[in-house]
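See below for the structure under consideration.
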Amino acid sequence: MATEGKVVEPEFEHPKKAFGYAARDSSGVLSPFNFSRRETGEKDVAFKVLYCGICHSDLHMARSEWGNSIYPLVPGHELVGVVTEVGNKVVKFKVGDKVGVGYMVDSCRSCQNCDDNLENYCPEYTVTGGGIYRDGTVTYGGYSDSMVTDEHYVIRIPDSLPLDVAGPLLCAGITVYSPLRYYGLDKPGMNIGVVGLGGLGHMAVKFAKALGANVTVISTSPNKEKEAIEHLGADSFLISRDPDQMQAAIGTLDGIIDTVSASHPILPLVSILKSHGKLVMVGGVSKPLELPVSSLLRGRKLVAGSLIGGIKETQEMIDFAAEHNVKPEIEIVPIDYINTAMERLIKADVKYRFVIDIGNTLKPSS
């Protein structure tokens with residue numbers, strides 16, 4: 001059962017007026033909201049938000065489905081725009097630069113993970129929307145007209161990458177790019193499986209193909225085969241509910257990126273890995289999964305997990321996407337469509353990522 005978080009209002013000495021859409025309670029309904037951003041500090045970058053992607057995490061947070069939401073809550077962690085102001089100690093950005101912010105806006109900066117550019121695994125990282133800074137103030141996300149963030153957590157968007165498609169890369173893109181790189185599933189000619197064909201899955205297909213892999217989409221839905229192969233560029237399609245197809249695929253894949261967040265059997269996926277194969281889970285499955293250890297022993301197979309990526313790797317991913325023309329499939333919507341978009345998201349009625357046109361549709365009179 002969803003629970004309503006404590007209402008917290010930040011107070012700033014010299015606040016910047018801001019406007020966005022917020023959820024006030026666990027109903028998750030979003031409506032216009034006036035609030036304040038902090039003043040631009042010496043190491044801060046302030047930017048005008050032009051686009052923001054809609055992620056399933058936004059829905060979970062808005063409805064307090066994880067039980068820790070703080071209201072009023074402005075979601076959004078796939079935000080991009082143009083720099084309007086920088087602090088006097090900012091060295092990487094200037095006014096007019098195209099930038100973005102992903103899932104986090106702060107971390108402790110002193111633990112081993114932070115030292116290793118793995119801020120995403122810092123025990124104290126702060127999420128972009130609905131988190132709490134170390135000074136106790138709440139964070140407001142990208143369903144808003146502006147953002148102020150320490151430059152360390154700001155990503156430069158290459159000029160060749162359109163801003164409307166850049167936002168989803170900051171979450172969906174890095175979520176699949178990071179495990180492909182870290183687990184060595186990035187070698188040309190490898191046979192890589194992708195489980196699920198949604199916001200994460202379609203990006204996994206595109207990045208794996210850009211890295212030179214032979215990609216097999218694994219799905220329970222036969223009607224997704226044409227889309228996977230003809231539109232997204234997958235090399236083959238495997239229906240996971242078809243015993244004959246799964247039997248024929250045993251021992252054929254070097255690695256699998258599993259993007260499904262609903263509970264599902266993973267033993268059949270382990271069986272289609274080659275020896276030394278790796279099954280990497282990036283979907284947030286809430287229920288325990290059944291996996292006999294013997295299935296891993298035979299073939300020295302690995303089941304692992306991965307969560308977004310660090311700031312350095314996120315910048316690497318964005319640059320790679322720009323160079324190799326890796327772009328998410330998006331549907332652009334106005335801000336006043338946000339609640340309808342959330343309902344469609346629940347039904348998986350989007351190909352494959354909603355992006356809010358903040359710059360043209362979010363007005364103080366909305």
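Just so we're on the same page: first chain in the structure tokens is A, next is B, and so on; residues restart at 1 for each chain, and ligands are numbered from 1 in the order they show up.
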field: All alpha helix (DSSP H) positions in range 39-269 of chain A, as a PyMOL selection string
entry: chain A and resi 56-62+112-115+163-168+174-182+199-210+225-226+243-248+267-269
message: With DSSP run on the backbone, what are the strand (DSSP E) residues within range 85-295 of chain A? I'd like them as a VMD selection string.
response: chain A and resid 85 to 86 98 to 101 104 to 106 126 to 127 146 to 150 155 to 156 191 to 195 214 to 219 236 to 239 253 to 258 273 to 281
Listing only residues of range 209-313 of chain A within 12 Å of range 350-356 of chain A, what is the closest atom pair and its distance in Å (to one decimal) for each, using only C-alpha atoms, sorted by chain and residue number ascending, as a tab-separated table?
```
residue	atom	partner	partner_atom	distance
A:Lys224	CA	A:Lys351	CA	11.5
A:Glu227	CA	A:Lys351	CA	10.3
A:Ala228	CA	A:Lys351	CA	11.7
A:His231	CA	A:Lys351	CA	11.5
A:Leu232	CA	A:Tyr352	CA	11.2
```
For Tyr133 in chain A, the nearest of the candidates A:Asn34, A:Ser146, A:Glu290, A:Val105, counting only C-alpha atoms: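 Between A:Asn34, A:Ser146, A:Glu290, A:Val105, the residue approaching Tyr133 in chain A most closely is A:Val105.
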task: With a distance cut-off of 7 Å and only C-alpha atoms, select the neighbouring residues of Thr139 in chain A, excluding the residue or stretch itself and same-chain residues fewer than 3 positions from it, and output the selection as an MDAnalysis selection string.
output: chainID A and resid 128:133
Report as a Markdown table: every residue of range 44-160 of chain A with an atom at most 10 Å from range 295-311 of chain A, its closest pair of atoms, and their distance in Å to one decimal, counting only C-alpha atoms, with rows sorted by chain and ascending residue number.
```
| residue | atom | partner | partner_atom | distance |
| --- | --- | --- | --- | --- |
| A:Val101 | CA | A:Ile311 | CA | 9.6 |
| A:Gly102 | CA | A:Ile311 | CA | 8.8 |
| A:Tyr103 | CA | A:Ile308 | CA | 7.9 |
| A:Met104 | CA | A:Ile311 | CA | 8.9 |
| A:Val105 | CA | A:Ile311 | CA | 9.9 |
| A:Asn113 | CA | A:Gly310 | CA | 9.2 |
| A:Cys114 | CA | A:Gly310 | CA | 8.5 |
| A:Asp116 | CA | A:Gly310 | CA | 8.9 |
| A:Asn117 | CA | A:Gly310 | CA | 5.6 |
| A:Leu118 | CA | A:Gly310 | CA | 4.5 |
| A:Glu119 | CA | A:Gly310 | CA | 5.1 |
| A:Asn120 | CA | A:Gly310 | CA | 5.3 |
| A:Tyr121 | CA | A:Leu307 | CA | 7.9 |
| A:Cys122 | CA | A:Gly310 | CA | 9.6 |
| A:His152 | CA | A:Ile311 | CA | 7.7 |
| A:Tyr153 | CA | A:Ile311 | CA | 6.3 |
| A:Val154 | CA | A:Ile311 | CA | 8.0 |
| A:Ile155 | CA | A:Ile311 | CA | 7.5 |
```
- prompt: Distance CA of Val280 in chain A-CA of Ser261 in chain A, one decimal place?
  reply: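 Distance reported for this atom pair: 12.6 Å.
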- prompt: Which residue gives the smallest distance to Trp66 in chain A among A:Gly284, A:Pro188, A:Gly87, A:Gly201, with only C-alpha atoms counted?
  reply: A:Gly284
List every residue of range 32-104 of chain A that has an atom at most 7 Å from any atom of range 15-20 of chain A, giving for each one its closest atom pair and the distance in Å to one decimal, counting only C-alpha atoms, sorted by chain and then by ascending residue number, as CSV.
```
residue,atom,partner,partner_atom,distance
A:Pro32,CA,A:Gly20,CA,5.8
A:Phe33,CA,A:Gly20,CA,5.3
A:Asn34,CA,A:Phe19,CA,4.6
A:Phe35,CA,A:Ala18,CA,5.3
A:Ser36,CA,A:Lys17,CA,4.8
A:Arg37,CA,A:Lys16,CA,4.9
A:Arg38,CA,A:Pro15,CA,5.1
A:Glu39,CA,A:Pro15,CA,5.4
```
task: Excluding range 323-331 of chain A and residues on its chain fewer than 4 positions from it, collect all residues at most 9 Å away from it, counting only C-alpha atoms, and give them as a list in words.
output: Gly53, Ser160, Leu161, Asp164, Val165, Ala166, Pro168, Leu169, Ala172, Gly173, Gly199, His202, Met203, Lys206, Phe207, Ala210, Ile318, Asp319, Val350, Lys351, Tyr352, Arg353, Phe354, Val355 and Ile356 of chain A
